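Colleague: Input file: entry_11.txt. Contents: compact mmCIF, C-alpha atoms.
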# COMPACT_ATOMS: atom_id res chain seq x y z
CA MET A 897 75.83 -37.47 -115.46
CA LYS A 898 77.43 -34.76 -113.37
CA LYS A 899 76.08 -32.11 -115.76
CA LEU A 900 72.55 -33.49 -115.40
CA ILE A 901 72.76 -33.38 -111.59
CA PHE A 902 74.05 -29.76 -111.74
CA VAL A 903 71.18 -28.65 -113.97
CA PHE A 904 68.65 -30.33 -111.68
CA ILE A 905 70.04 -28.54 -108.59
CA VAL A 906 70.00 -25.12 -110.31
CA GLY A 907 66.41 -25.64 -111.51
CA ALA A 908 65.23 -26.63 -108.04
CA ALA A 909 66.81 -23.53 -106.57
CA LEU A 910 65.08 -21.27 -109.09
CA VAL A 911 61.71 -22.91 -108.40
CA TRP A 912 62.17 -22.44 -104.65
CA PHE A 913 63.04 -18.74 -105.00
CA GLY A 914 60.09 -18.20 -107.36
CA MET A 915 57.58 -19.81 -104.98
CA ASP A 916 58.94 -17.78 -102.08
CA TYR A 917 58.59 -14.52 -104.07
CA TYR A 918 55.02 -15.44 -105.11
CA LYS A 919 53.97 -16.15 -101.53
CA LYS A 920 55.32 -12.80 -100.31
CA ASN A 921 53.61 -10.84 -103.05
CA ASN A 922 50.35 -12.73 -102.66
CA THR A 923 50.33 -12.02 -98.93
CA SER A 924 51.02 -8.31 -99.55
CA ASP A 925 48.18 -8.13 -102.07
CA LYS A 926 45.78 -9.67 -99.61
CA LYS A 927 46.71 -7.13 -96.98
CA VAL A 928 46.29 -4.23 -99.36
CA GLY A 929 42.90 -5.47 -100.48
CA GLY A 930 41.63 -5.98 -96.95
CA ARG A 931 40.25 -3.48 -94.47
CA SER A 932 43.59 -2.81 -92.87
CA GLY A 933 45.43 -2.88 -96.20
CA ALA A 934 44.01 0.46 -97.34
CA LYS A 935 45.99 2.14 -94.58
CA GLN A 936 49.23 0.65 -95.96
CA VAL A 937 48.85 2.53 -99.29
CA VAL A 938 50.02 6.11 -98.81
CA VAL A 939 48.85 8.70 -101.37
CA ALA A 940 50.68 12.01 -101.84
CA VAL A 941 48.16 14.87 -101.82
CA GLU A 942 47.91 18.61 -101.45
CA ALA A 943 45.68 20.15 -98.78
CA ALA A 944 44.15 23.49 -97.86
CA ASN A 945 42.63 24.86 -94.67
CA VAL A 946 38.89 25.10 -94.09
CA PHE A 947 38.11 28.69 -93.12
CA LYS A 948 35.30 31.11 -92.34
CA GLY A 949 34.43 33.83 -94.83
CA ASP A 950 31.77 35.57 -96.88
CA MET A 951 30.34 33.91 -99.98
CA HIS A 952 28.33 35.58 -102.71
CA ASP A 953 25.76 34.21 -105.11
CA GLU A 954 26.72 36.09 -108.25
CA GLY A 955 26.28 36.17 -111.99
CA ILE A 956 29.00 37.04 -114.51
CA PHE A 957 27.86 38.49 -117.84
CA SER A 958 29.35 39.97 -120.98
CA GLY A 959 27.87 43.12 -122.46
CA SER A 960 28.59 46.52 -123.93
CA ILE A 961 28.25 50.19 -123.07
CA GLU A 962 25.71 52.43 -124.80
CA PRO A 963 25.12 56.18 -124.43
CA LYS A 964 22.17 57.05 -122.25
CA SER A 965 20.95 59.43 -124.95
CA LYS A 966 21.77 59.66 -128.64
CA PHE A 967 19.94 61.59 -131.36
CA MET A 968 20.46 62.93 -134.85
CA VAL A 969 20.32 66.65 -135.61
CA ALA A 970 18.52 67.28 -138.90
CA PRO A 971 16.91 70.34 -140.57
CA LYS A 972 13.15 70.73 -140.87
CA THR A 973 13.45 72.19 -144.37
CA SER A 974 15.45 71.52 -147.50
CA GLY A 975 18.27 73.65 -148.83
CA ARG A 976 22.02 74.02 -149.25
CA ILE A 977 24.28 73.83 -146.20
CA LYS A 978 26.09 77.15 -145.86
CA LYS A 979 27.99 76.37 -142.65
CA VAL A 980 28.50 73.56 -140.13
CA ASN A 981 29.63 74.77 -136.71
CA PHE A 982 30.66 71.50 -135.02
CA ASN A 983 32.88 68.51 -135.69
CA ILE A 984 33.47 65.07 -134.14
CA GLY A 985 34.34 65.23 -130.46
CA ASP A 986 33.24 68.83 -129.94
CA THR A 987 31.26 69.76 -126.85
CA ILE A 988 27.80 71.05 -127.69
CA LYS A 989 25.38 72.87 -125.41
CA ASN A 990 21.61 72.74 -125.37
CA GLY A 991 20.28 75.16 -128.01
CA ASP A 992 23.53 75.64 -129.94
CA ILE A 993 23.26 76.29 -133.70
CA VAL A 994 24.69 73.25 -135.41
CA ALA A 995 24.44 74.37 -139.05
CA GLU A 996 23.15 77.21 -141.21
CA LEU A 997 21.32 76.73 -144.52
CA ASP A 998 21.12 79.18 -147.41
CA ASP A 999 18.41 81.64 -146.27
CA GLU A 1000 18.02 84.05 -149.20
CA GLU A 1001 14.71 82.60 -150.38
CA ALA A 1002 13.36 82.41 -146.82
CA THR A 1003 14.37 86.03 -146.18
CA LEU A 1004 12.54 87.21 -149.30
CA ALA A 1005 9.49 85.23 -148.24
CA VAL A 1006 9.49 87.05 -144.90
CA GLU A 1007 9.70 90.44 -146.61
CA GLN A 1008 6.82 89.53 -148.92
CA ALA A 1009 4.72 88.35 -145.99
CA GLU A 1010 5.43 91.57 -144.11
CA ALA A 1011 4.26 93.64 -147.13
CA ALA A 1012 1.11 91.56 -147.43
CA LEU A 1013 0.47 92.06 -143.74
CA GLU A 1014 0.74 95.85 -144.11
CA ILE A 1015 -1.84 95.79 -146.93
CA ALA A 1016 -4.20 93.60 -144.92
CA ARG A 1017 -3.82 95.84 -141.89
CA ALA A 1018 -4.56 98.99 -143.97
CA ASN A 1019 -7.68 97.36 -145.48
CA TYR A 1020 -8.82 96.35 -142.03
CA ASN A 1021 -8.36 99.84 -140.61
CA GLU A 1022 -10.15 101.39 -143.60
CA SER A 1023 -13.12 99.04 -143.37
CA GLY A 1024 -13.29 99.74 -139.66
CA GLU A 1025 -13.57 103.50 -140.23
CA LEU A 1026 -16.19 103.03 -142.95
CA LEU A 1027 -18.13 100.72 -140.69
CA GLU A 1028 -18.14 103.35 -137.95
CA ILE A 1029 -19.44 105.99 -140.44
CA SER A 1030 -22.16 103.61 -141.61
CA ARG A 1031 -23.19 102.90 -138.01
CA ARG A 1032 -23.56 106.64 -137.20
CA GLU A 1033 -25.49 107.19 -140.43
CA LEU A 1034 -27.92 104.42 -139.52
CA GLU A 1035 -28.49 105.91 -136.08
CA ARG A 1036 -29.07 109.39 -137.62
CA VAL A 1037 -31.64 108.06 -140.13
CA LYS A 1038 -33.47 106.13 -137.40
CA THR A 1039 -33.70 109.31 -135.31
CA MET A 1040 -35.02 111.26 -138.26
CA ARG A 1041 -37.54 108.52 -138.92
CA LYS A 1042 -38.88 108.86 -135.39
CA GLN A 1043 -39.27 112.58 -136.05
CA LYS A 1044 -41.14 111.79 -139.29
CA VAL A 1045 -38.40 113.53 -141.27
CA ALA A 1046 -36.90 110.43 -143.02
CA SER A 1047 -38.78 107.73 -144.83
CA GLU A 1048 -38.78 104.00 -144.14
CA VAL A 1049 -36.85 103.43 -147.38
CA GLU A 1050 -33.98 105.61 -146.13
CA VAL A 1051 -33.82 103.58 -142.93
CA GLU A 1052 -33.70 100.33 -144.89
CA ASN A 1053 -30.96 101.67 -147.19
CA ALA A 1054 -28.86 102.82 -144.21
CA SER A 1055 -29.34 99.49 -142.48
CA ALA A 1056 -28.33 97.58 -145.63
CA ASP A 1057 -25.20 99.70 -146.02
CA PHE A 1058 -24.26 99.06 -142.38
CA LYS A 1059 -24.59 95.30 -142.83
CA THR A 1060 -22.46 95.40 -145.98
CA ARG A 1061 -19.78 97.40 -144.19
CA SER A 1062 -19.86 94.95 -141.26
CA ALA A 1063 -19.42 91.94 -143.54
CA LYS A 1064 -16.55 93.60 -145.40
CA HIS A 1065 -14.89 94.49 -142.12
CA LEU A 1066 -15.09 90.88 -140.98
CA VAL A 1067 -13.51 89.75 -144.26
CA ASN A 1068 -10.70 92.26 -143.82
CA LYS A 1069 -10.23 91.10 -140.25
CA SER A 1070 -9.86 87.51 -141.47
CA SER A 1071 -7.46 88.65 -144.18
CA LEU A 1072 -5.39 90.41 -141.53
CA ARG A 1073 -5.19 87.27 -139.39
CA GLN A 1074 -4.28 85.26 -142.49
CA ALA A 1075 -1.49 87.69 -143.33
CA GLU A 1076 -0.18 87.53 -139.75
CA ALA A 1077 -0.15 83.74 -139.91
CA ALA A 1078 1.64 83.86 -143.28
CA LEU A 1079 4.29 86.13 -141.80
CA SER A 1080 4.73 83.84 -138.81
CA GLN A 1081 5.09 80.87 -141.14
CA ALA A 1082 7.65 82.71 -143.27
CA LYS A 1083 9.64 83.66 -140.18
CA LEU A 1084 9.46 80.05 -138.97
CA LYS A 1085 10.85 78.79 -142.28
CA LEU A 1086 13.59 81.39 -142.01
CA ALA A 1087 14.35 80.14 -138.51
CA TYR A 1088 14.52 76.59 -139.86
CA THR A 1089 17.58 77.62 -141.85
CA LYS A 1090 19.37 77.78 -138.47
CA VAL A 1091 19.58 74.12 -137.40
CA ASP A 1092 19.91 73.83 -133.64
CA ALA A 1093 20.44 70.95 -131.21
CA SER A 1094 18.07 71.00 -128.26
CA TRP A 1095 16.89 68.53 -125.64
CA SER A 1096 14.56 68.68 -122.66
CA TYR A 1097 16.35 66.57 -120.03
CA GLY A 1098 19.81 65.52 -118.90
CA VAL A 1099 23.04 67.46 -118.72
CA ASN A 1100 23.55 70.73 -120.59
CA ASP A 1101 26.85 69.67 -122.20
CA ARG A 1102 27.00 66.77 -124.62
CA PHE A 1103 29.33 65.59 -127.39
CA VAL A 1104 29.24 65.35 -131.18
CA ALA A 1105 29.61 61.66 -132.04
CA GLU A 1106 29.37 61.88 -135.86
CA ARG A 1107 29.52 64.55 -138.56
CA LEU A 1108 27.68 63.27 -141.62
CA LEU A 1109 27.63 66.26 -144.02
CA ASP A 1110 29.82 69.22 -144.93
CA GLU A 1111 29.29 72.74 -146.28
CA GLY A 1112 27.83 72.95 -149.77
CA ALA A 1113 25.78 69.78 -149.58
CA MET A 1114 22.16 69.91 -150.78
CA ILE A 1115 19.87 68.23 -148.29
CA THR A 1116 16.19 67.57 -147.82
CA ALA A 1117 14.19 67.85 -144.63
CA ASN A 1118 15.08 65.35 -141.90
CA THR A 1119 18.49 64.50 -143.38
CA PRO A 1120 20.92 64.05 -140.43
CA ILE A 1121 23.88 66.41 -140.21
CA ILE A 1122 25.47 65.32 -136.91
CA SER A 1123 24.69 62.96 -134.03
CA VAL A 1124 24.79 64.05 -130.39
CA ILE A 1125 25.40 61.75 -127.40
CA ASP A 1126 25.34 62.06 -123.63
CA ILE A 1127 28.20 60.11 -122.00
CA THR A 1128 27.97 61.63 -118.52
CA ASN A 1129 25.58 58.78 -117.73
CA LEU A 1130 25.97 55.53 -119.63
CA THR A 1131 23.80 52.47 -120.09
CA VAL A 1132 25.36 49.02 -119.69
CA VAL A 1133 23.46 46.39 -121.66
CA ILE A 1134 23.69 42.68 -120.85
CA ASP A 1135 21.66 39.66 -121.93
CA VAL A 1136 20.74 37.06 -119.28
CA VAL A 1137 19.30 33.55 -119.54
CA GLU A 1138 16.32 32.16 -117.64
CA ARG A 1139 18.44 30.84 -114.77
CA ASP A 1140 19.65 34.34 -113.85
CA TYR A 1141 16.67 36.36 -115.05
CA PHE A 1142 14.51 35.81 -111.96
CA LYS A 1143 17.40 36.52 -109.59
CA ILE A 1144 18.01 40.04 -110.90
CA LYS A 1145 16.01 42.85 -109.26
CA LEU A 1146 15.80 46.58 -109.88
CA GLY A 1147 18.37 48.54 -107.88
CA MET A 1148 20.87 45.69 -107.51
CA ASP A 1149 24.54 46.70 -107.50
CA ALA A 1150 26.90 45.50 -110.20
CA GLU A 1151 30.65 45.67 -110.79
CA ILE A 1152 31.65 46.68 -114.30
CA ILE A 1153 35.09 45.78 -115.71
CA PRO A 1154 35.80 47.15 -119.22
CA THR A 1155 37.81 44.79 -121.41
CA ALA A 1156 40.16 47.61 -122.41
CA LEU A 1157 40.59 48.75 -118.77
CA SER A 1158 40.74 45.43 -116.97
CA ASP A 1159 42.61 46.92 -114.01
CA LYS A 1160 39.68 49.18 -113.09
CA ILE A 1161 36.29 48.41 -111.54
CA TYR A 1162 33.25 50.66 -111.96
CA HIS A 1163 29.94 50.45 -110.13
CA ALA A 1164 26.48 50.44 -111.69
CA LYS A 1165 22.88 49.70 -110.69
CA VAL A 1166 20.19 47.69 -112.43
CA LYS A 1167 17.88 50.27 -114.02
CA ARG A 1168 15.58 48.35 -116.37
CA ILE A 1169 14.58 44.71 -116.82
CA ALA A 1170 12.91 43.56 -120.01
CA PRO A 1171 9.47 42.03 -119.29
CA MET A 1172 10.09 39.17 -121.73
CA LEU A 1173 12.76 36.80 -123.01
CA ASP A 1174 13.61 36.60 -126.70
CA GLU A 1175 12.00 33.54 -128.25
CA VAL A 1176 15.08 32.68 -130.30
CA SER A 1177 17.96 33.30 -127.89
CA ARG A 1178 15.94 32.75 -124.68
CA GLN A 1179 17.66 35.77 -123.21
CA ALA A 1180 16.35 39.01 -121.73
CA ARG A 1181 17.81 42.51 -122.02
CA ILE A 1182 18.96 44.07 -118.76
CA GLU A 1183 20.04 47.74 -118.57
CA LEU A 1184 22.28 49.15 -115.85
CA ASN A 1185 22.89 52.82 -115.09
CA LEU A 1186 26.59 53.73 -114.95
CA ASP A 1187 27.82 57.12 -113.77
CA ASN A 1188 30.59 58.48 -116.03
CA SER A 1189 31.13 61.99 -114.70
CA SER A 1190 34.82 61.76 -115.57
CA ASN A 1191 33.93 60.89 -119.20
CA GLU A 1192 36.56 58.14 -118.99
CA LEU A 1193 34.37 55.38 -120.41
CA LYS A 1194 33.09 55.50 -123.98
CA PRO A 1195 30.05 53.96 -125.68
CA GLY A 1196 30.82 50.79 -127.59
CA LEU A 1197 33.27 49.32 -125.07
CA PHE A 1198 32.91 45.62 -124.23
CA ILE A 1199 32.54 44.91 -120.52
CA THR A 1200 32.18 42.15 -117.96
CA ALA A 1201 29.42 42.70 -115.40
CA LYS A 1202 29.20 40.96 -112.03
CA ILE A 1203 25.87 41.15 -110.19
CA ILE A 1204 25.62 40.01 -106.55
CA TYR A 1205 22.32 38.18 -105.91
CA GLY A 1206 22.91 37.39 -102.25
CA THR A 1207 25.60 37.09 -99.55
CA HIS A 1208 26.24 34.59 -96.73
CA THR A 1209 28.56 36.01 -94.07
CA ASN A 1210 30.93 34.06 -91.78
CA THR A 1211 30.18 30.75 -93.46
CA THR A 1212 32.37 27.64 -93.91
CA VAL A 1213 34.43 27.85 -97.10
CA VAL A 1214 36.79 25.44 -98.91
CA PRO A 1215 38.59 25.64 -102.26
CA ILE A 1216 36.43 24.53 -105.18
CA GLU A 1217 39.05 21.87 -106.03
CA ALA A 1218 38.24 20.05 -102.80
CA LEU A 1219 34.71 19.16 -103.91
CA VAL A 1220 34.45 15.64 -105.41
CA ILE A 1221 31.79 13.03 -106.22
CA ARG A 1222 31.88 9.56 -104.66
CA ASN A 1223 29.04 7.08 -105.15
CA ASP A 1224 26.77 9.87 -106.44
CA HIS A 1225 27.42 11.90 -103.29
CA GLU A 1226 29.09 15.27 -103.24
CA GLY A 1227 31.72 15.64 -100.57
CA VAL A 1228 35.26 16.44 -99.49
CA PHE A 1229 38.18 14.47 -98.09
CA VAL A 1230 38.94 15.79 -94.60
CA ILE A 1231 42.40 14.98 -93.26
CA ASP A 1232 42.71 13.36 -89.86
CA GLU A 1233 45.91 15.05 -88.71
CA ALA A 1234 46.58 12.51 -85.94
CA LYS A 1235 46.22 9.37 -88.07
CA LYS A 1236 47.35 10.98 -91.35
CA VAL A 1237 44.36 9.57 -93.22
CA ALA A 1238 41.71 11.19 -95.44
CA ASN A 1239 38.07 10.57 -94.56
CA PHE A 1240 35.36 11.21 -97.15
CA VAL A 1241 32.64 13.48 -95.72
CA PRO A 1242 29.41 13.98 -97.75
CA VAL A 1243 28.46 17.66 -97.71
CA LYS A 1244 25.71 20.00 -98.80
CA SER A 1245 27.23 22.84 -100.78
CA GLY A 1246 25.88 26.38 -101.08
CA TYR A 1247 27.18 29.38 -103.02
CA LYS A 1248 30.00 28.68 -105.47
CA ASN A 1249 32.38 30.65 -107.61
CA SER A 1250 35.39 29.79 -109.71
CA ILE A 1251 37.66 29.62 -106.64
CA GLN A 1252 35.68 28.64 -103.55
CA VAL A 1253 32.56 26.80 -102.43
CA GLU A 1254 30.40 27.20 -99.34
CA ILE A 1255 29.81 24.14 -97.13
CA VAL A 1256 26.33 24.42 -95.66
CA SER A 1257 26.44 21.15 -93.70
CA PRO A 1258 27.90 19.34 -91.86
CA GLU A 1259 30.29 21.54 -89.89
CA ILE A 1260 33.89 20.65 -90.86
CA ASN A 1261 37.26 22.01 -89.85
CA GLY A 1262 40.94 21.34 -90.29
CA ARG A 1263 42.24 20.67 -93.77
CA VAL A 1264 40.73 19.18 -96.93
CA VAL A 1265 42.43 17.51 -99.89
CA THR A 1266 42.67 19.76 -102.96
CA LEU A 1267 44.91 17.66 -105.22
CA GLY A 1268 45.14 13.88 -105.57
CA GLN A 1269 41.52 13.04 -104.66
CA HIS A 1270 41.14 10.79 -107.71
CA LEU A 1271 43.48 8.30 -106.02
CA LEU A 1272 41.69 8.37 -102.67
CA GLU A 1273 39.06 6.24 -101.05
CA ASP A 1274 37.56 6.75 -97.61
CA GLY A 1275 40.12 6.12 -94.85
CA MET A 1276 43.24 5.91 -97.03
CA ALA A 1277 46.56 7.11 -95.64
CA VAL A 1278 47.94 10.33 -97.10
CA ARG A 1279 51.24 12.11 -97.27
CA ILE A 1280 51.46 15.87 -97.73
CA PRO A 1281 54.77 16.80 -99.40
CA SER A 1282 54.39 20.46 -98.53
CA ASP A 1283 54.38 19.59 -94.81
CA GLU A 1284 57.56 17.54 -95.25
CA GLU A 1285 59.27 20.38 -97.08
CA LYS A 1286 58.36 22.79 -94.29
CA ALA A 1287 59.68 20.33 -91.69
CA ASN A 1288 62.92 19.80 -93.61
CA GLY A 1289 63.31 23.55 -93.96
CA SER A 1290 62.87 24.03 -90.22
CA GLU A 1291 65.47 21.34 -89.50
CA ALA A 1292 67.88 22.93 -91.93
CA LYS A 1293 67.50 26.31 -90.22
CA LYS A 1294 68.17 24.68 -86.84
Take the structure in the file and write it out as structure tokens.
Modeller:
Amino acid sequence: MKKLIFVFIVGAALVWFGMDYYKKNNTSDKKVGGRSGAKQVVVAVEAANVFKGDMHDEGIFSGSIEPKSKFMVAPKTSGRIKKVNFNIGDTIKNGDIVAELDDEEATLAVEQAEAALEIARANYNESGELLEISRRELERVKTMRKQKVASEVEVENASADFKTRSAKHLVNKSSLRQAEAALSQAKLKLAYTKVDASWSYGVNDRFVAERLLDEGAMITANTPIISVIDITNLTVVIDVVERDYFKIKLGMDAEIIPTALSDKIYHAKVKRIAPMLDEVSRQARIELNLDNSSNELKPGLFITAKIIYGTHTNTTVVPIEALVIRNDHEGVFVIDEAKKVANFVPVKSGYKNSIQVEIVSPEINGRVVTLGQHLLEDGMAVRIPSDEEKANGSEAKK
């Protein structure tokens, strides 16, 4: 009986403590869920200052560097390469002889053309003298005819001889011109055995990028021997999508960062914009002019290009992490320093980059939450550990 009474007393006590605990927790939950309860929940967050600064609307692109000019040096005639005067990396000037072909046959052709020209010139001179004799004879016979000394037949014979001499002289004159042209052609073919590199614009000094053939090789006309490039001025090529295409204008400045030289920044300008987008990739080719007077950069390098479309100066700026979405509205949590609460403020954002965002409206100041926003609702109390650490550090110093 005593045991039963003891069990009953212990059970009653447990029930009483349980009901008391439930009432306390239920009351606490009601407070938290109410309007004033939100202020009882304190969320630890990180914050950053709102500040004034310049923001840029910019595009970041990947691309590569190409030489402004590149061409192949090839002979205009066939033959055997007797000598190549340049190798990879050599500096070459405008008009330099790149290679020499075997010229024995061309030299003989020039000598033969010169001999033929001498014959043609001698025939021309001879026919010219005979024509002059025939002309004087015709005039003499005509004079004698007027004096009734010569007959009409003699005049006709002299006239016919003069015409024959004139025609032959014209033929010899044409033969002379033909021989002169043949000699010029032979000399031109001889000159073709000296393969030169020449260009009509740009710098006088360029570089040999490739050497494709060596001495002794048999080649035909238009077979490349070396390639020549101009790297004093380079072309940066990027491909842009529709969104950026209409923002880019001729003359815009760009910052170029080579992948292999990531600690250096070079400056270029937009030189050419393709008038169409590729139907497959939906991208357009953009070319930028890059000065490379130091010859430090080389064609083929991969680069990152940053083009500034526009700039807003002295505008309101916050870290990009502060921007959140609540109820389909973009905004930031601004800290009320006096009440230690975070208020959600819908904002209209402007220019953005990977670090910061411009706040166009409304005007905000103070500090905004940059970490812990996913736990926040409008008006919730916040605690900033970094402020507490600074305060504790100040107390410790004191």
Colleague: Show which residues sit within 6 Å of segment 1086-1093 of chain A, as a list in words. Count all atoms listed in the file, and ignore same-chain residues fewer than 2 positions away.
Modeller: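 In the requested format, the answer is Pro971, Gly991, Asp992, Ile993, Val994, Ala995, Glu996, Leu997, Ala1002, Lys1083 and Leu1084 of chain A.
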Colleague: Give the answer as one residue: which of A:Glu1233, A:Asp1283, A:Asp1126, A:Glu1259 has the shortest atom-to-atom distance to Pro963 of chain A, using all atoms listed in the file?
Modeller: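 Smallest separation from Pro963 of chain A among the options: A:Asp1126.
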Colleague: Show which residues sit within 12 Å of segment 1104-1111 of chain A, as an NGL selection string. Count all atoms listed in the file, and ignore same-chain residues fewer than 2 positions away.
Modeller: :A and (963 or 965-971 or 975-989 or 992 or 994-998 or 1093 or 1101-1102 or 1113-1115 or 1119-1127 or 1194-1196)
Colleague: As an exercise, work out the distance from atom CA of Val937 of chain A to atom CA of Pro1258 of chain A in Å and give it to one decimal place.
Modeller: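 Taking atom CA of Val937 of chain A and atom CA of Pro1258 of chain A, their separation equals 27.9 Å.
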Colleague: State, in Å with one decimal place, the distance from atom CA of Leu1272 of chain A to atom CA of Thr1211 of chain A.
Modeller: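 We find that atom CA of Leu1272 of chain A and atom CA of Thr1211 of chain A lie 26.8 Å from each other.
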Colleague: Give the answer as one residue: which of A:Glu1254, A:Asp950, A:Glu1284, A:Glu1151 has the shortest atom-to-atom distance to Ile1203 of chain A, using all atoms listed in the file?
Modeller: A:Glu1151
Colleague: Have a look at A:Leu1013, A:Ala1277, A:Ala1150, A:Ile1251 and name the one nearest to Gly955 of chain A; count only C-alpha atoms.
Modeller: A:Ala1150
Colleague: Could you work out how far atom CA of Ile1144 of chain A lies from atom CA of Ala1180 of chain A, giving the answer in Å with one decimal?
Modeller: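 Between these atoms lies a distance of 11.0 Å.
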Colleague: With 10 Å as the threshold, what does the neighbourhood of (40.6, 16.7, -98.0) contain in terms of residues, counting all atoms listed in the file? Coordinates are those of the file; answer as a VMD selection string.
Modeller: chain A and resid 941 to 946 1214 1217 to 1220 1227 to 1232 1237 to 1241 1262 to 1269 1272 1278
Colleague: Name the residues in contact with Leu1130 of chain A at a cut-off of 12 Å, using all atoms listed in the file, excluding same-chain residues fewer than 6 positions from it; report them as a PyMOL selection string.
Modeller: chain A and resi 960-966+1098+1152+1162-1165+1167+1183-1197
Colleague: Of the candidates A:Thr1212, A:Ser1030, A:Ser1282, A:Asn1100, which one gets nearest to Asn1261 of chain A if we count all atoms listed in the file?
Modeller: A:Thr1212
Colleague: Can you list, as a ChimeraX atom specification, every protein, DNA or RNA residue that comes within 8 Å of Gly1206 of chain A when you count all atoms listed in the file, leaving out same-chain residues fewer than 5 positions away?
Modeller: /A:952-954
Colleague: With C-alpha atoms retained, export the selected residues as a compact mmCIF listing (two decimals), in the frame of the given file.
Modeller:
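Generated output (selection01.txt):
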# COMPACT_ATOMS: atom_id res chain seq x y z
CA HIS A 952 28.33 35.58 -102.71
CA ASP A 953 25.76 34.21 -105.11
CA GLU A 954 26.72 36.09 -108.25
Colleague: With only C-alpha atoms as the atoms that count, which of A:Ala940, A:Val1132, A:Met1148, A:Ala1009 lies nearest to Thr1200 of chain A?
Modeller: A:Val1132
Colleague: Could I see segment 1150-1155 of chain A restored to all heavy atoms, set down as a JSON list (two decimals), keeping the file's coordinate frame?
Modeller:
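Okay, part_37.json is ready:
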[["chain", "number", "residue", "atom", "x", "y", "z"],
["A", 1150, "ALA", "N", 26.12, 46.31, -109.27],
["A", 1150, "ALA", "CA", 26.90, 45.50, -110.20],
["A", 1150, "ALA", "C", 28.29, 46.11, -110.33],
["A", 1150, "ALA", "O", 28.47, 47.33, -110.25],
["A", 1150, "ALA", "CB", 26.22, 45.44, -111.57],
["A", 1151, "GLU", "N", 29.28, 45.23, -110.52],
["A", 1151, "GLU", "CA", 30.65, 45.67, -110.79],
["A", 1151, "GLU", "C", 30.90, 45.55, -112.29],
["A", 1151, "GLU", "O", 30.63, 44.51, -112.89],
["A", 1151, "GLU", "CB", 31.65, 44.81, -110.02],
["A", 1151, "GLU", "CG", 31.59, 45.01, -108.51],
["A", 1151, "GLU", "CD", 32.64, 44.19, -107.79],
["A", 1151, "GLU", "OE1", 33.34, 43.40, -108.45],
["A", 1151, "GLU", "OE2", 32.77, 44.35, -106.56],
["A", 1152, "ILE", "N", 31.42, 46.62, -112.87],
["A", 1152, "ILE", "CA", 31.65, 46.68, -114.30],
["A", 1152, "ILE", "C", 33.16, 46.74, -114.56],
["A", 1152, "ILE", "O", 33.84, 47.62, -114.03],
["A", 1152, "ILE", "CB", 30.96, 47.90, -114.95],
["A", 1152, "ILE", "CG1", 29.48, 47.93, -114.57],
["A", 1152, "ILE", "CG2", 31.16, 47.89, -116.45],
["A", 1152, "ILE", "CD1", 28.68, 46.73, -115.05],
["A", 1153, "ILE", "N", 33.67, 45.80, -115.36],
["A", 1153, "ILE", "CA", 35.09, 45.78, -115.71],
["A", 1153, "ILE", "C", 35.20, 45.88, -117.23],
["A", 1153, "ILE", "O", 34.87, 44.92, -117.95],
["A", 1153, "ILE", "CB", 35.77, 44.49, -115.22],
["A", 1153, "ILE", "CG1", 35.57, 44.34, -113.70],
["A", 1153, "ILE", "CG2", 37.24, 44.50, -115.58],
["A", 1153, "ILE", "CD1", 36.11, 43.04, -113.15],
["A", 1154, "PRO", "N", 35.63, 47.03, -117.77],
["A", 1154, "PRO", "CA", 35.80, 47.15, -119.22],
["A", 1154, "PRO", "C", 36.94, 46.26, -119.69],
["A", 1154, "PRO", "O", 37.97, 46.12, -119.02],
["A", 1154, "PRO", "CB", 36.14, 48.64, -119.41],
["A", 1154, "PRO", "CG", 35.70, 49.31, -118.15],
["A", 1154, "PRO", "CD", 35.87, 48.29, -117.07],
["A", 1155, "THR", "N", 36.77, 45.65, -120.86],
["A", 1155, "THR", "CA", 37.81, 44.79, -121.41],
["A", 1155, "THR", "C", 39.10, 45.56, -121.65],
["A", 1155, "THR", "O", 40.20, 45.04, -121.43],
["A", 1155, "THR", "CB", 37.33, 44.15, -122.72],
["A", 1155, "THR", "OG1", 36.10, 43.45, -122.48],
["A", 1155, "THR", "CG2", 38.35, 43.19, -123.28]]
